[in-house]
Amino acid sequence: MLVEAQRNRGALRRVTGLARSTPGRLSLLALLLIVVGLLVGAVTAASVQRRSGALEALADRSEPLAFAAQEVYRAMADADATASSAFLSGGVESAALRSRYEADVAKAAAALSAATTEITRSPELTEALSTLSGQLPVYTGLIETARVHNRQGNPVGAAYLREASTLMRTHLLPAARELYGVETGNVVRDLEDAGSLPWLESLLGAATLAVLVFAQRYLTRRTNRVLNPGLVVATALTAISLLWVLAGSLVAVYNASESKNEATLVDLLARARIATLTARGDETLTLVARGSGATYEAEYAEADEVLDDLLGRARAMNPTPPVVAAVEHHARWQDAHRRVRQADEVGDYTAAVALALGQDPRGSAAAFDALDSDLVEAIGAARAELTDAIGRARAGLRGVVPAVVVLALLAASTSTFGLWQRLKEYR
Amino acid sequence: MRRLLAVLVLVVTAACAPVPSGAPPIGGGSPGPPRPADAVELTAPPSTADVPPSSCDPRASLRPTGPLPPPGQMPAGSTMARIQAQGRLIAGVDQNTYLMGFRNPISGELEGFDVDLAREVARAVLGDPDAIQFTVLTSEQRIPALERGEVDIVVRTMTATCERWQKVNFSTVYLQAGQRVLVPANSEVTGIESLGGKRVCATKGSSSLANVAAASPKPVPVSVPNWTDCLVMLQQGQVDAISTDDTILAGFAAQDPYTKVVGPQFTDEPYGMAFPKADEDFVRFVNALLERLRADGTWARLHQRWLGDPPTPPAAVYRD
């Protein structure tokens, strides 16, 4: 115990003794500069790495997964609307509706397998994902049963279709909505991580510069030389590193905020597309229910209101041609829907069905198809902008981490070299 | 020093402890089989428990006044004149009961015995069996739709009961049915009496559901909105039997050869067309029409078309 304390005291005395002589102080200063330079370099590099990691996660995982989730949701809503249309059209459904339904199911399954990889990052999705992957085959089974019965002329086919639709609306679509919500939330979170202002990097860089200036002034006072070349170079290297980090980070921050706007737009448009499909399903089911479809009609009105709001907001954000066309086609659809309801209410069921499903360019089907393809185009464009902005943000940070590390090492060695020159004079 | 060593050993052991896996477990399988919308297992008997006043004969309807006026020339001020002015008869029917009122999946048209009778009414009032607008009603929606005046007439496998007579008017009986039981072909059930504790399906608001709930030993009644939903549940093994009128069960058996109808008729279900309580003149008109359809063989022809060899049509009974 005593020996240890004495040894400690001896070490302390040696350091304080060192601090009393000028060469000792110079050595300590050199040590300080090395430690500060390397430490700050490491922390800055880590901070830049974190930002770039957030962008990487965004580009490689969150954004594609959010898109996959959106596809799951969209494809399922579309499959349901298509199956109802096929049923309503009577007889054996057309090849076009059949292949659209099959494409939806294939798309939903493929997008689902992509989205399932997210389970490790968002374990709260376990239940939603198991519902989706477990109930999708049940859903398609019910649809096929309905189809077989329809072919045989058995009215029980309609009951199987209703059961399938109920499964879709009460289990699958809510799970898909939850999945989409969580994935979109991950995108927003990654964007916020990537878009935080580089306060830490600036502060650390400024502190390093201050230490270097202090060392320079100390040397000037002690050695009567105005500038120490080693320290000047180290200061310049540190300043370059700081500017590089700031420039890269600000490019990233700027583009991340751009991306956030685009992500909001993609979200608005994606939800508008899903509302479109929901409204279409409700429009069809109102006719299938034939007079007792008041609840479906109320759901149509609700979905239509949501759609109206989403399209209005999307247009206010970015009135690109497809978005403007979508607003226009939506108005045309609303008009067609009013005529469908009118025909149905005065008892002209055949005309109502023809208006809802037929090829009439002023009918519901045409307006719905036009609106849907507008939204596909608008979502494609907004998503391209989003990935571009993420790419630009990542480009801003490219090479910053190795540069910070190399510059920190160089600054530490040049400052040590500069002080070594002075120390030599005391030999 | 020893303490230091102990601490060191502790730290090393803690550091070497296995790290639990963060991978979530495989999600919890099926959240139950798919079910038709609004399928409910009843714990309490439905509110439509039959308590007929003893004086009531549900078969007795209002007597026709004179011969039928020619189509398109209804007496002024009558319900028929109003229907003529609106240009079409609004009829509440079913699209889920095979052979009685159902949607033909191939053509998309509504067909069946009930539907054809409704067309006969349209022909008698307006001179055109297609001057008709169908409103599809579930069992439960029939009486409210009549009370709100949304339909002029309901022709939908509706049993005339004294309780319902309080809210609506019925025509004379146009078909005599009785409740039986439908089970899978390999079932050992022999009738309503062997269904104690078993799950039995019927539609909400139907007299069949009330009869199932009143049966003894007590089955577990399961209610659904539409009759075909019952067949779906039976085919998916979610109910053990369906119990309703033999006319409806015959439609199920025709759609599924793997089922059989068992047991005797254990209730008496006289079907009548239903009208809003106020439209007594229309009831008398339709009763006159039914007299004619029974007499001129139209009734037998329709029965032959949908339900097979016609028995003698149910006799008309009048209360006045």
# chains A, B, ... in the order shown; residues from 1 in each chain; ligands from 1
$ interface_residues --of "chain A" --to "chain B" --cutoff "8 Å" --atoms "only C-alpha atoms" --output "ChimeraX atom specification"
/A:87-92,119-120,123,126-127,129-131,134-135,138,150-151,153-156,158-160,162-164,166-167,289-292,347-349
$ write_last_selection --atoms "N, CA and C atoms" --output "JSON list (two decimals), in the first residue's frame"
[["chain", "number", "residue", "atom", "x", "y", "z"],
["A", 87, "PHE", "N", -66.47, -10.59, -60.55],
["A", 87, "PHE", "CA", -67.72, -11.23, -60.14],
["A", 87, "PHE", "C", -68.91, -10.46, -60.69],
["A", 88, "LEU", "N", -68.82, -9.12, -60.58],
["A", 88, "LEU", "CA", -69.94, -8.28, -60.99],
["A", 88, "LEU", "C", -70.17, -8.37, -62.48],
["A", 89, "SER", "N", -69.09, -8.55, -63.25],
["A", 89, "SER", "CA", -69.25, -8.53, -64.70],
["A", 89, "SER", "C", -70.06, -9.73, -65.18],
["A", 90, "GLY", "N", -70.26, -10.73, -64.32],
["A", 90, "GLY", "CA", -71.11, -11.85, -64.70],
["A", 90, "GLY", "C", -70.40, -12.83, -65.61],
["A", 91, "GLY", "N", -70.84, -14.07, -65.57],
["A", 91, "GLY", "CA", -70.22, -15.07, -66.41],
["A", 91, "GLY", "C", -68.80, -15.35, -65.95],
["A", 92, "VAL", "N", -68.00, -15.88, -66.85],
["A", 92, "VAL", "CA", -66.61, -16.15, -66.53],
["A", 92, "VAL", "C", -65.85, -14.85, -66.76],
["A", 119, "ILE", "N", -38.16, -7.87, -40.47],
["A", 119, "ILE", "CA", -38.63, -8.38, -39.17],
["A", 119, "ILE", "C", -37.55, -8.25, -38.09],
["A", 120, "THR", "N", -36.26, -8.32, -38.49],
["A", 120, "THR", "CA", -35.21, -8.22, -37.47],
["A", 120, "THR", "C", -35.09, -6.80, -36.95],
["A", 123, "PRO", "N", -39.24, -5.75, -34.77],
["A", 123, "PRO", "CA", -39.91, -6.98, -34.30],
["A", 123, "PRO", "C", -41.39, -6.78, -34.02],
["A", 126, "THR", "N", -43.88, -8.57, -36.31],
["A", 126, "THR", "CA", -44.00, -10.03, -36.41],
["A", 126, "THR", "C", -45.42, -10.46, -36.71],
["A", 127, "GLU", "N", -46.36, -9.89, -35.94],
["A", 127, "GLU", "CA", -47.74, -10.35, -36.08],
["A", 127, "GLU", "C", -48.32, -9.94, -37.43],
["A", 129, "LEU", "N", -46.75, -9.32, -40.20],
["A", 129, "LEU", "CA", -46.14, -10.07, -41.29],
["A", 129, "LEU", "C", -46.64, -11.51, -41.31],
["A", 130, "SER", "N", -46.84, -12.11, -40.12],
["A", 130, "SER", "CA", -47.32, -13.49, -40.16],
["A", 130, "SER", "C", -48.77, -13.54, -40.61],
["A", 131, "THR", "N", -49.55, -12.50, -40.28],
["A", 131, "THR", "CA", -50.92, -12.44, -40.82],
["A", 131, "THR", "C", -50.88, -12.36, -42.33],
["A", 134, "GLY", "N", -49.48, -15.58, -43.85],
["A", 134, "GLY", "CA", -50.31, -16.74, -43.55],
["A", 134, "GLY", "C", -51.68, -16.68, -44.20],
["A", 135, "GLN", "N", -52.24, -15.47, -44.32],
["A", 135, "GLN", "CA", -53.63, -15.37, -44.79],
["A", 135, "GLN", "C", -53.74, -15.13, -46.30],
["A", 138, "VAL", "N", -54.77, -18.27, -47.92],
["A", 138, "VAL", "CA", -56.17, -18.56, -47.57],
["A", 138, "VAL", "C", -57.09, -17.73, -48.45],
["A", 150, "ASN", "N", -68.87, -20.31, -59.21],
["A", 150, "ASN", "CA", -69.44, -19.44, -60.23],
["A", 150, "ASN", "C", -69.57, -20.17, -61.55],
["A", 151, "ARG", "N", -68.51, -20.91, -61.90],
["A", 151, "ARG", "CA", -68.51, -21.65, -63.17],
["A", 151, "ARG", "C", -69.62, -22.67, -63.20],
["A", 153, "GLY", "N", -72.40, -22.32, -61.73],
["A", 153, "GLY", "CA", -73.68, -21.66, -61.58],
["A", 153, "GLY", "C", -74.24, -21.72, -60.17],
["A", 154, "ASN", "N", -73.39, -21.99, -59.17],
["A", 154, "ASN", "CA", -73.86, -22.05, -57.79],
["A", 154, "ASN", "C", -73.77, -20.68, -57.13],
["A", 155, "PRO", "N", -74.88, -20.18, -56.60],
["A", 155, "PRO", "CA", -74.82, -18.86, -55.95],
["A", 155, "PRO", "C", -73.91, -18.83, -54.72],
["A", 156, "VAL", "N", -73.52, -20.00, -54.21],
["A", 156, "VAL", "CA", -72.65, -19.99, -53.03],
["A", 156, "VAL", "C", -71.29, -19.37, -53.38],
["A", 158, "ALA", "N", -70.79, -16.53, -54.65],
["A", 158, "ALA", "CA", -70.83, -15.14, -54.19],
["A", 158, "ALA", "C", -70.51, -15.06, -52.70],
["A", 159, "ALA", "N", -70.97, -16.07, -51.95],
["A", 159, "ALA", "CA", -70.71, -16.06, -50.50],
["A", 159, "ALA", "C", -69.22, -16.26, -50.23],
["A", 160, "TYR", "N", -68.58, -17.14, -51.04],
["A", 160, "TYR", "CA", -67.13, -17.31, -50.87],
["A", 160, "TYR", "C", -66.40, -16.02, -51.21],
["A", 162, "ARG", "N", -67.59, -13.01, -50.84],
["A", 162, "ARG", "CA", -67.79, -12.10, -49.72],
["A", 162, "ARG", "C", -66.88, -12.46, -48.55],
["A", 163, "GLU", "N", -66.74, -13.78, -48.31],
["A", 163, "GLU", "CA", -65.87, -14.19, -47.20],
["A", 163, "GLU", "C", -64.43, -13.77, -47.48],
["A", 164, "ALA", "N", -63.99, -13.97, -48.74],
["A", 164, "ALA", "CA", -62.64, -13.58, -49.11],
["A", 164, "ALA", "C", -62.45, -12.08, -48.91],
["A", 166, "THR", "N", -64.11, -10.13, -46.97],
["A", 166, "THR", "CA", -64.12, -9.81, -45.53],
["A", 166, "THR", "C", -62.75, -10.09, -44.93],
["A", 167, "LEU", "N", -62.15, -11.25, -45.31],
["A", 167, "LEU", "CA", -60.81, -11.59, -44.82],
["A", 167, "LEU", "C", -59.82, -10.50, -45.21],
["A", 289, "ALA", "N", -73.89, -5.81, -53.98],
["A", 289, "ALA", "CA", -74.86, -5.97, -52.89],
["A", 289, "ALA", "C", -76.28, -5.64, -53.37],
["A", 290, "ARG", "N", -76.39, -4.92, -54.44],
["A", 290, "ARG", "CA", -77.64, -4.69, -55.13],
["A", 290, "ARG", "C", -78.75, -4.19, -54.23],
["A", 291, "GLY", "N", -78.65, -2.93, -53.85],
["A", 291, "GLY", "CA", -79.74, -2.37, -53.08],
["A", 291, "GLY", "C", -79.49, -2.41, -51.58],
["A", 292, "SER", "N", -78.67, -3.39, -51.13],
["A", 292, "SER", "CA", -78.38, -3.40, -49.69],
["A", 292, "SER", "C", -76.92, -3.00, -49.45],
["A", 347, "GLY", "N", -83.45, 2.43, -60.43],
["A", 347, "GLY", "CA", -83.84, 1.07, -60.78],
["A", 347, "GLY", "C", -83.21, 0.55, -62.06],
["A", 348, "ASP", "N", -82.36, 1.35, -62.71],
["A", 348, "ASP", "CA", -81.76, 0.87, -63.95],
["A", 348, "ASP", "C", -80.43, 0.21, -63.65],
["A", 349, "TYR", "N", -80.54, -1.01, -63.08],
["A", 349, "TYR", "CA", -79.34, -1.71, -62.60],
["A", 349, "TYR", "C", -78.38, -2.02, -63.73]]
$ residues_around --residues "stretch 77-84 of chain B" --least-positions-apart "4" --cutoff "8 Å" --atoms "only C-alpha atoms" --output "list of chain:residue names"
B:Gly72, B:Gln73, B:Arg88, B:Leu89, B:Val125, B:Leu126, B:Asp152, B:Asp279, B:Asp281, B:Phe282
$ closest_residue --among "A:Ala103, A:Leu409, A:Leu419, A:Ala351" --to "A:Ala42" --atoms "only C-alpha atoms"
A:Leu409
$ residues_around --residues "stretch 305-319 of chain B" --least-positions-apart "5" --cutoff "8 Å" --atoms "only C-alpha atoms" --output "list in words"
Arg59, Ala60, Ser61, Leu62, Arg63, Leu99, Met100, Gly112, Phe113, Thr172, Val173, Tyr174, Leu175, Gln176, Thr247, Glu291, Arg294, Trp299 and Ala300 of chain B
$ closest_residue --among "A:Val187, A:Ala408, A:Leu200, A:Ala301" --to "A:Asp60" --atoms "only C-alpha atoms"
A:Val187
$ residues_around --residues "A:Arg392" --least-positions-apart "2" --cutoff "9 Å" --atoms "only C-alpha atoms" --output "list in words"
Val251, Ala252, Asn255, Ala256, Thr387, Asp388, Ala389, Ile390, Arg394, Ala395, Gly396 and Leu397 of chain A
$ write_last_selection --atoms "N, CA and C atoms" --output "PDB file, in the first residue's frame"
ATOM      1  N   VAL A 251     -24.070  19.270 -47.580  1.00  0.00           N
ATOM      2  CA  VAL A 251     -24.673  18.716 -48.803  1.00  0.00           C
ATOM      3  C   VAL A 251     -25.650  17.604 -48.419  1.00  0.00           C
ATOM      4  N   ALA A 252     -25.189  16.760 -47.507  1.00  0.00           N
ATOM      5  CA  ALA A 252     -26.043  15.638 -47.074  1.00  0.00           C
ATOM      6  C   ALA A 252     -27.309  16.161 -46.396  1.00  0.00           C
ATOM      7  N   ASN A 255     -29.698  17.715 -48.955  1.00  0.00           N
ATOM      8  CA  ASN A 255     -30.372  16.712 -49.775  1.00  0.00           C
ATOM      9  C   ASN A 255     -31.303  15.826 -48.957  1.00  0.00           C
ATOM     10  N   ALA A 256     -30.948  15.646 -47.679  1.00  0.00           N
ATOM     11  CA  ALA A 256     -31.846  14.867 -46.829  1.00  0.00           C
ATOM     12  C   ALA A 256     -33.159  15.606 -46.638  1.00  0.00           C
ATOM     13  N   THR A 387     -34.890   8.882 -54.676  1.00  0.00           N
ATOM     14  CA  THR A 387     -33.634   8.108 -54.698  1.00  0.00           C
ATOM     15  C   THR A 387     -32.487   8.977 -55.219  1.00  0.00           C
ATOM     16  N   ASP A 388     -32.786   9.889 -56.158  1.00  0.00           N
ATOM     17  CA  ASP A 388     -31.751  10.816 -56.632  1.00  0.00           C
ATOM     18  C   ASP A 388     -31.221  11.672 -55.485  1.00  0.00           C
ATOM     19  N   ALA A 389     -32.147  12.231 -54.706  1.00  0.00           N
ATOM     20  CA  ALA A 389     -31.740  13.107 -53.608  1.00  0.00           C
ATOM     21  C   ALA A 389     -30.913  12.326 -52.587  1.00  0.00           C
ATOM     22  N   ILE A 390     -31.339  11.083 -52.317  1.00  0.00           N
ATOM     23  CA  ILE A 390     -30.560  10.270 -51.379  1.00  0.00           C
ATOM     24  C   ILE A 390     -29.172  10.012 -51.963  1.00  0.00           C
ATOM     25  N   ARG A 394     -25.550  11.018 -50.415  1.00  0.00           N
ATOM     26  CA  ARG A 394     -24.469  10.057 -50.179  1.00  0.00           C
ATOM     27  C   ARG A 394     -23.205  10.496 -50.901  1.00  0.00           C
ATOM     28  N   ALA A 395     -23.375  11.083 -52.107  1.00  0.00           N
ATOM     29  CA  ALA A 395     -22.208  11.549 -52.865  1.00  0.00           C
ATOM     30  C   ALA A 395     -21.465  12.607 -52.067  1.00  0.00           C
ATOM     31  N   GLY A 396     -22.213  13.489 -51.357  1.00  0.00           N
ATOM     32  CA  GLY A 396     -21.576  14.553 -50.569  1.00  0.00           C
ATOM     33  C   GLY A 396     -20.660  13.981 -49.510  1.00  0.00           C
ATOM     34  N   LEU A 397     -20.999  12.820 -48.977  1.00  0.00           N
ATOM     35  CA  LEU A 397     -20.211  12.255 -47.877  1.00  0.00           C
ATOM     36  C   LEU A 397     -19.172  11.254 -48.367  1.00  0.00           C
TER      37      LEU A 397
END
$ residues_around --residues "A:Phe368" --least-positions-apart "2" --cutoff "8 Å" --atoms "only C-alpha atoms" --output "list in words"
Thr276, Arg280, His329, His330, Trp333, Ser364, Ala365, Ala366, Ala370, Leu371 and Asp372 of chain A
$ decode --residues "stretch 114-156 of chain B" --atoms "N, CA and C atoms" --output "PDB file, in the first residue's frame"
ATOM      1  N   ASP B 114     -89.365 -17.005 -56.103  1.00  0.00           N
ATOM      2  CA  ASP B 114     -89.799 -15.725 -55.538  1.00  0.00           C
ATOM      3  C   ASP B 114     -89.682 -14.613 -56.571  1.00  0.00           C
ATOM      4  N   VAL B 115     -88.570 -14.606 -57.296  1.00  0.00           N
ATOM      5  CA  VAL B 115     -88.317 -13.540 -58.263  1.00  0.00           C
ATOM      6  C   VAL B 115     -89.372 -13.583 -59.376  1.00  0.00           C
ATOM      7  N   ASP B 116     -89.709 -14.802 -59.826  1.00  0.00           N
ATOM      8  CA  ASP B 116     -90.706 -14.912 -60.880  1.00  0.00           C
ATOM      9  C   ASP B 116     -92.083 -14.472 -60.392  1.00  0.00           C
ATOM     10  N   LEU B 117     -92.399 -14.777 -59.127  1.00  0.00           N
ATOM     11  CA  LEU B 117     -93.690 -14.324 -58.588  1.00  0.00           C
ATOM     12  C   LEU B 117     -93.725 -12.804 -58.524  1.00  0.00           C
ATOM     13  N   ALA B 118     -92.613 -12.189 -58.114  1.00  0.00           N
ATOM     14  CA  ALA B 118     -92.557 -10.727 -58.063  1.00  0.00           C
ATOM     15  C   ALA B 118     -92.763 -10.159 -59.470  1.00  0.00           C
ATOM     16  N   ARG B 119     -92.187 -10.839 -60.463  1.00  0.00           N
ATOM     17  CA  ARG B 119     -92.381 -10.379 -61.850  1.00  0.00           C
ATOM     18  C   ARG B 119     -93.843 -10.484 -62.267  1.00  0.00           C
ATOM     19  N   GLU B 120     -94.539 -11.527 -61.763  1.00  0.00           N
ATOM     20  CA  GLU B 120     -95.975 -11.652 -62.075  1.00  0.00           C
ATOM     21  C   GLU B 120     -96.743 -10.464 -61.504  1.00  0.00           C
ATOM     22  N   VAL B 121     -96.355 -10.021 -60.295  1.00  0.00           N
ATOM     23  CA  VAL B 121     -97.025  -8.858 -59.694  1.00  0.00           C
ATOM     24  C   VAL B 121     -96.772  -7.626 -60.562  1.00  0.00           C
ATOM     25  N   ALA B 122     -95.495  -7.461 -61.022  1.00  0.00           N
ATOM     26  CA  ALA B 122     -95.173  -6.318 -61.875  1.00  0.00           C
ATOM     27  C   ALA B 122     -95.993  -6.381 -63.164  1.00  0.00           C
ATOM     28  N   ARG B 123     -96.153  -7.598 -63.700  1.00  0.00           N
ATOM     29  CA  ARG B 123     -96.931  -7.746 -64.934  1.00  0.00           C
ATOM     30  C   ARG B 123     -98.392  -7.331 -64.688  1.00  0.00           C
ATOM     31  N   ALA B 124     -98.926  -7.712 -63.532  1.00  0.00           N
ATOM     32  CA  ALA B 124    -100.327  -7.407 -63.243  1.00  0.00           C
ATOM     33  C   ALA B 124    -100.550  -5.907 -63.049  1.00  0.00           C
ATOM     34  N   VAL B 125     -99.582  -5.231 -62.462  1.00  0.00           N
ATOM     35  CA  VAL B 125     -99.778  -3.798 -62.203  1.00  0.00           C
ATOM     36  C   VAL B 125     -99.419  -2.980 -63.429  1.00  0.00           C
ATOM     37  N   LEU B 126     -98.277  -3.279 -64.047  1.00  0.00           N
ATOM     38  CA  LEU B 126     -97.740  -2.405 -65.083  1.00  0.00           C
ATOM     39  C   LEU B 126     -97.802  -3.014 -66.484  1.00  0.00           C
ATOM     40  N   GLY B 127     -98.184  -4.283 -66.560  1.00  0.00           N
ATOM     41  CA  GLY B 127     -98.269  -4.912 -67.866  1.00  0.00           C
ATOM     42  C   GLY B 127     -96.937  -5.391 -68.402  1.00  0.00           C
ATOM     43  N   ASP B 128     -95.873  -5.332 -67.585  1.00  0.00           N
ATOM     44  CA  ASP B 128     -94.540  -5.714 -68.071  1.00  0.00           C
ATOM     45  C   ASP B 128     -93.773  -6.376 -66.933  1.00  0.00           C
ATOM     46  N   PRO B 129     -93.422  -7.672 -67.089  1.00  0.00           N
ATOM     47  CA  PRO B 129     -92.723  -8.354 -65.987  1.00  0.00           C
ATOM     48  C   PRO B 129     -91.324  -7.776 -65.735  1.00  0.00           C
ATOM     49  N   ASP B 130     -90.817  -6.967 -66.671  1.00  0.00           N
ATOM     50  CA  ASP B 130     -89.481  -6.380 -66.460  1.00  0.00           C
ATOM     51  C   ASP B 130     -89.559  -4.985 -65.857  1.00  0.00           C
ATOM     52  N   ALA B 131     -90.786  -4.474 -65.631  1.00  0.00           N
ATOM     53  CA  ALA B 131     -90.917  -3.146 -65.014  1.00  0.00           C
ATOM     54  C   ALA B 131     -90.756  -3.308 -63.510  1.00  0.00           C
ATOM     55  N   ILE B 132     -89.575  -3.761 -63.129  1.00  0.00           N
ATOM     56  CA  ILE B 132     -89.373  -4.109 -61.731  1.00  0.00           C
ATOM     57  C   ILE B 132     -87.961  -3.736 -61.328  1.00  0.00           C
ATOM     58  N   GLN B 133     -87.839  -3.193 -60.116  1.00  0.00           N
ATOM     59  CA  GLN B 133     -86.515  -2.891 -59.581  1.00  0.00           C
ATOM     60  C   GLN B 133     -86.303  -3.772 -58.353  1.00  0.00           C
ATOM     61  N   PHE B 134     -85.248  -4.582 -58.410  1.00  0.00           N
ATOM     62  CA  PHE B 134     -84.996  -5.474 -57.287  1.00  0.00           C
ATOM     63  C   PHE B 134     -84.112  -4.788 -56.251  1.00  0.00           C
ATOM     64  N   THR B 135     -84.504  -4.938 -55.007  1.00  0.00           N
ATOM     65  CA  THR B 135     -83.645  -4.514 -53.907  1.00  0.00           C
ATOM     66  C   THR B 135     -83.339  -5.770 -53.108  1.00  0.00           C
ATOM     67  N   VAL B 136     -82.060  -6.073 -52.998  1.00  0.00           N
ATOM     68  CA  VAL B 136     -81.684  -7.288 -52.282  1.00  0.00           C
ATOM     69  C   VAL B 136     -81.726  -7.018 -50.787  1.00  0.00           C
ATOM     70  N   LEU B 137     -82.452  -7.861 -50.072  1.00  0.00           N
ATOM     71  CA  LEU B 137     -82.589  -7.679 -48.625  1.00  0.00           C
ATOM     72  C   LEU B 137     -82.075  -8.925 -47.910  1.00  0.00           C
ATOM     73  N   THR B 138     -81.463  -8.732 -46.755  1.00  0.00           N
ATOM     74  CA  THR B 138     -81.173  -9.878 -45.900  1.00  0.00           C
ATOM     75  C   THR B 138     -82.435 -10.146 -45.077  1.00  0.00           C
ATOM     76  N   SER B 139     -82.481 -11.303 -44.412  1.00  0.00           N
ATOM     77  CA  SER B 139     -83.675 -11.647 -43.624  1.00  0.00           C
ATOM     78  C   SER B 139     -84.008 -10.518 -42.662  1.00  0.00           C
ATOM     79  N   GLU B 140     -82.956 -10.010 -42.026  1.00  0.00           N
ATOM     80  CA  GLU B 140     -83.134  -9.019 -40.985  1.00  0.00           C
ATOM     81  C   GLU B 140     -83.653  -7.683 -41.527  1.00  0.00           C
ATOM     82  N   GLN B 141     -83.322  -7.394 -42.812  1.00  0.00           N
ATOM     83  CA  GLN B 141     -83.676  -6.081 -43.369  1.00  0.00           C
ATOM     84  C   GLN B 141     -85.099  -6.012 -43.895  1.00  0.00           C
ATOM     85  N   ARG B 142     -85.809  -7.175 -43.951  1.00  0.00           N
ATOM     86  CA  ARG B 142     -87.091  -7.179 -44.649  1.00  0.00           C
ATOM     87  C   ARG B 142     -88.110  -6.241 -44.018  1.00  0.00           C
ATOM     88  N   ILE B 143     -88.326  -6.400 -42.715  1.00  0.00           N
ATOM     89  CA  ILE B 143     -89.386  -5.606 -42.065  1.00  0.00           C
ATOM     90  C   ILE B 143     -89.016  -4.123 -42.003  1.00  0.00           C
ATOM     91  N   PRO B 144     -87.755  -3.782 -41.613  1.00  0.00           N
ATOM     92  CA  PRO B 144     -87.399  -2.351 -41.636  1.00  0.00           C
ATOM     93  C   PRO B 144     -87.558  -1.713 -43.017  1.00  0.00           C
ATOM     94  N   ALA B 145     -87.211  -2.443 -44.086  1.00  0.00           N
ATOM     95  CA  ALA B 145     -87.330  -1.872 -45.429  1.00  0.00           C
ATOM     96  C   ALA B 145     -88.799  -1.586 -45.756  1.00  0.00           C
ATOM     97  N   LEU B 146     -89.698  -2.465 -45.307  1.00  0.00           N
ATOM     98  CA  LEU B 146     -91.131  -2.234 -45.534  1.00  0.00           C
ATOM     99  C   LEU B 146     -91.628  -1.066 -44.695  1.00  0.00           C
ATOM    100  N   GLU B 147     -91.159  -1.013 -43.457  1.00  0.00           N
ATOM    101  CA  GLU B 147     -91.630   0.052 -42.562  1.00  0.00           C
ATOM    102  C   GLU B 147     -91.171   1.430 -43.041  1.00  0.00           C
ATOM    103  N   ARG B 148     -89.978   1.482 -43.629  1.00  0.00           N
ATOM    104  CA  ARG B 148     -89.477   2.768 -44.127  1.00  0.00           C
ATOM    105  C   ARG B 148     -89.998   3.072 -45.525  1.00  0.00           C
ATOM    106  N   GLY B 149     -90.768   2.170 -46.101  1.00  0.00           N
ATOM    107  CA  GLY B 149     -91.325   2.404 -47.434  1.00  0.00           C
ATOM    108  C   GLY B 149     -90.298   2.345 -48.545  1.00  0.00           C
ATOM    109  N   GLU B 150     -89.167   1.643 -48.318  1.00  0.00           N
ATOM    110  CA  GLU B 150     -88.139   1.559 -49.353  1.00  0.00           C
ATOM    111  C   GLU B 150     -88.510   0.567 -50.450  1.00  0.00           C
ATOM    112  N   VAL B 151     -89.391  -0.365 -50.113  1.00  0.00           N
ATOM    113  CA  VAL B 151     -89.839  -1.338 -51.112  1.00  0.00           C
ATOM    114  C   VAL B 151     -91.366  -1.380 -51.084  1.00  0.00           C
ATOM    115  N   ASP B 152     -91.960  -1.754 -52.244  1.00  0.00           N
ATOM    116  CA  ASP B 152     -93.417  -1.862 -52.317  1.00  0.00           C
ATOM    117  C   ASP B 152     -93.882  -3.215 -51.826  1.00  0.00           C
ATOM    118  N   ILE B 153     -93.008  -4.220 -52.019  1.00  0.00           N
ATOM    119  CA  ILE B 153     -93.411  -5.597 -51.730  1.00  0.00           C
ATOM    120  C   ILE B 153     -92.153  -6.389 -51.398  1.00  0.00           C
ATOM    121  N   VAL B 154     -92.284  -7.377 -50.506  1.00  0.00           N
ATOM    122  CA  VAL B 154     -91.166  -8.284 -50.232  1.00  0.00           C
ATOM    123  C   VAL B 154     -91.610  -9.691 -50.594  1.00  0.00           C
ATOM    124  N   VAL B 155     -90.847 -10.309 -51.522  1.00  0.00           N
ATOM    125  CA  VAL B 155     -91.115 -11.706 -51.871  1.00  0.00           C
ATOM    126  C   VAL B 155     -89.816 -12.436 -51.610  1.00  0.00           C
ATOM    127  N   ARG B 156     -89.648 -12.899 -50.387  1.00  0.00           N
ATOM    128  CA  ARG B 156     -88.333 -13.404 -50.030  1.00  0.00           C
ATOM    129  C   ARG B 156     -88.457 -14.458 -48.950  1.00  0.00           C
TER     130      ARG B 156
END
